[in-house]
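Scroll down for the structure; my scribbles are underneath it.
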Amino acid sequence: AKHKDELDGFNLDVFGTGEDSAEVQFTAHKLKLNMNFHQGRDHADDALHSSYKVFINPSVSDVLCTATAEALAMGKIVVCADHPSNEFFGSFPNCLMYKNSEEFVKKVKEALAAEPVPLSAEQQYRLSWEAATERFINYADMYKISNSRAEVSRPRGMYGNISQS
């Protein structure tokens, strides 16, 4: 609302029916924002592939938002908050991050004026479920190693693990 004059002519299509949906719709209407609300759609929906080039995700509570990952994988430009929950996405060329509302306006305008950069094979792989699963397994292994070291490092008696012969 603070910057709606700077984004004159900008229409935002909002998808989903989350728990805050009614409140978001009420606030958007009250502030006379150019927002069109739609039911949630599957990421494979053809309308999402061909009709949009920019995906905006202002959330700072998703931890690792699959919608953002899917938008990047589909070759969209993503505008999202510069926040630890979005850190993974920051290395992708089509991810534009903002720290405040002024930067948000700048990044939205930049996204609308730009064309998405094609992702490299390595970047596409990093967005795959296979790569996500590998990261999860590696993290779980590190966690196990960390916990097993904590067990090993506990002294067992006065001299630790030294055996007497």
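In the structure tokens, each chain is lettered A, B, ... as it comes, each chain's residues begin at 1, and ligands are numbered from 1 in order of appearance.
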> When DSSP works through the backbone of this structure, what residues of segment 24-155 of chain A end up as strand (DSSP E or B), shown as a list in words?
Replying inline: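 The strand (DSSP E or B) residues within segment 24-155 of chain A come out as Met35, Asn36, Phe37, His38, Val54, Phe55, Ile56, Asn57, Ile77, Val78, Val79, Cys80, Ala81, Cys95, Leu96, Met97 and Tyr98 of chain A.
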Quick one: contact table of segment 1-98 of chain A to segment 123-130 of chain A, 12 Å max, nearest atom pair and distance in Å to one decimal per residue, counting only C-alpha atoms, chain and number order, as JSON lines?
{"residue": "A:Leu64", "atom": "CA", "partner": "A:Leu127", "partner_atom": "CA", "distance": 11.6}
{"residue": "A:Cys65", "atom": "CA", "partner": "A:Leu127", "partner_atom": "CA", "distance": 11.5}
{"residue": "A:Thr66", "atom": "CA", "partner": "A:Leu127", "partner_atom": "CA", "distance": 9.5}
{"residue": "A:Ala67", "atom": "CA", "partner": "A:Leu127", "partner_atom": "CA", "distance": 11.2}
{"residue": "A:Thr68", "atom": "CA", "partner": "A:Leu127", "partner_atom": "CA", "distance": 9.9}
{"residue": "A:Ala69", "atom": "CA", "partner": "A:Leu127", "partner_atom": "CA", "distance": 6.2}
{"residue": "A:Glu70", "atom": "CA", "partner": "A:Leu127", "partner_atom": "CA", "distance": 7.6}
{"residue": "A:Ala71", "atom": "CA", "partner": "A:Leu127", "partner_atom": "CA", "distance": 9.9}
{"residue": "A:Leu72", "atom": "CA", "partner": "A:Leu127", "partner_atom": "CA", "distance": 7.8}
{"residue": "A:Ala73", "atom": "CA", "partner": "A:Leu127", "partner_atom": "CA", "distance": 6.2}
{"residue": "A:Met74", "atom": "CA", "partner": "A:Gln124", "partner_atom": "CA", "distance": 9.3}
{"residue": "A:Gly75", "atom": "CA", "partner": "A:Gln124", "partner_atom": "CA", "distance": 9.4}
{"residue": "A:Phe88", "atom": "CA", "partner": "A:Arg126", "partner_atom": "CA", "distance": 9.8}
{"residue": "A:Phe89", "atom": "CA", "partner": "A:Leu127", "partner_atom": "CA", "distance": 9.2}
{"residue": "A:Gly90", "atom": "CA", "partner": "A:Gln123", "partner_atom": "CA", "distance": 11.9}
{"residue": "A:Ser91", "atom": "CA", "partner": "A:Gln123", "partner_atom": "CA", "distance": 9.2}
{"residue": "A:Phe92", "atom": "CA", "partner": "A:Gln123", "partner_atom": "CA", "distance": 7.3}
{"residue": "A:Pro93", "atom": "CA", "partner": "A:Gln123", "partner_atom": "CA", "distance": 9.4}
{"residue": "A:Asn94", "atom": "CA", "partner": "A:Gln123", "partner_atom": "CA", "distance": 10.8}
>> Given only C-alpha atoms as the basis, pick out the residue of A:Glu87, A:Glu23, A:Asp62, A:Glu102 nearest to Lys2 of chain A.
In response: A:Glu102
> Looking at only C-alpha atoms, which of A:Met97, A:Thr27, A:Ala111, A:Phe37 is the one that sits closest to Phe15 of chain A?
Replying inline: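 With only C-alpha atoms as the atom set, the closest residue is A:Phe37.
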> With distances taken over only C-alpha atoms, which of A:Asp5, A:Tyr139, A:Ser59, A:Gln25 is nearest to His38 of chain A?
Replying inline: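 For His38 of chain A, the nearest of the given residues is A:Gln25.
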> Out of A:Asp141, A:Asn36, A:Phe26, A:Pro58, which residue has the shortest atom-to-atom distance to Asp13 of chain A when counting only C-alpha atoms?
Replying inline: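 Of A:Asp141, A:Asn36, A:Phe26, A:Pro58, the one nearest Asp13 of chain A is A:Asn36, counting only C-alpha atoms.
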> Do you know which residues are at most 7 Å from Phe55 of chain A counting only C-alpha atoms, after dropping those on the same chain fewer than 4 positions away, and could you put them as a list in words?
Replying inline: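 Listing them by chain and then by number gives Ala71, Lys76, Ile77, Val78 and Val79 of chain A.
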Dump as an mmCIF file, in the first residue's frame, selection limited to N, CA, C and O atoms:
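Below is the file result-v4.cif, written as the result:
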data_model
loop_
_atom_site.group_PDB
_atom_site.id
_atom_site.type_symbol
_atom_site.label_atom_id
_atom_site.label_comp_id
_atom_site.auth_asym_id
_atom_site.auth_seq_id
_atom_site.Cartn_x
_atom_site.Cartn_y
_atom_site.Cartn_z
ATOM 1 N N ALA A 71 9.078 -22.386 -8.995
ATOM 2 C CA ALA A 71 9.064 -21.224 -9.892
ATOM 3 C C ALA A 71 10.431 -21.051 -10.556
ATOM 4 O O ALA A 71 10.513 -20.827 -11.773
ATOM 5 N N LYS A 76 11.114 -19.054 -14.050
ATOM 6 C CA LYS A 76 10.521 -17.756 -13.684
ATOM 7 C C LYS A 76 11.556 -16.900 -12.950
ATOM 8 O O LYS A 76 12.504 -17.409 -12.365
ATOM 9 N N ILE A 77 11.341 -15.592 -12.963
ATOM 10 C CA ILE A 77 12.105 -14.688 -12.115
ATOM 11 C C ILE A 77 11.383 -14.651 -10.780
ATOM 12 O O ILE A 77 10.164 -14.489 -10.724
ATOM 13 N N VAL A 78 12.125 -14.813 -9.694
ATOM 14 C CA VAL A 78 11.544 -14.845 -8.356
ATOM 15 C C VAL A 78 11.967 -13.596 -7.593
ATOM 16 O O VAL A 78 13.146 -13.233 -7.593
ATOM 17 N N VAL A 79 11.007 -12.956 -6.958
ATOM 18 C CA VAL A 79 11.271 -11.840 -6.051
ATOM 19 C C VAL A 79 10.901 -12.340 -4.663
ATOM 20 O O VAL A 79 9.755 -12.730 -4.426
#
> So which bits of segment 62-113 of chain A end up alpha helix (DSSP H) when you DSSP the backbone, as a PyMOL selection string?
Replying inline: chain A and resi 66-73+101-113
>> List as number ranges by chain the protein and nucleic acid residues near Ser61 of chain A, meaning an atom at most 10 Å away when only C-alpha atoms are counted, but skip any in the same chain fewer than 6 places from it.
In response: A: 83-86
> What is the distance between atom CA of Lys107 of chain A and atom CA of Asn57 of chain A, in Å to one decimal?
Replying inline: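 Between atom CA of Lys107 of chain A and atom CA of Asn57 of chain A the gap works out to 12.1 Å.
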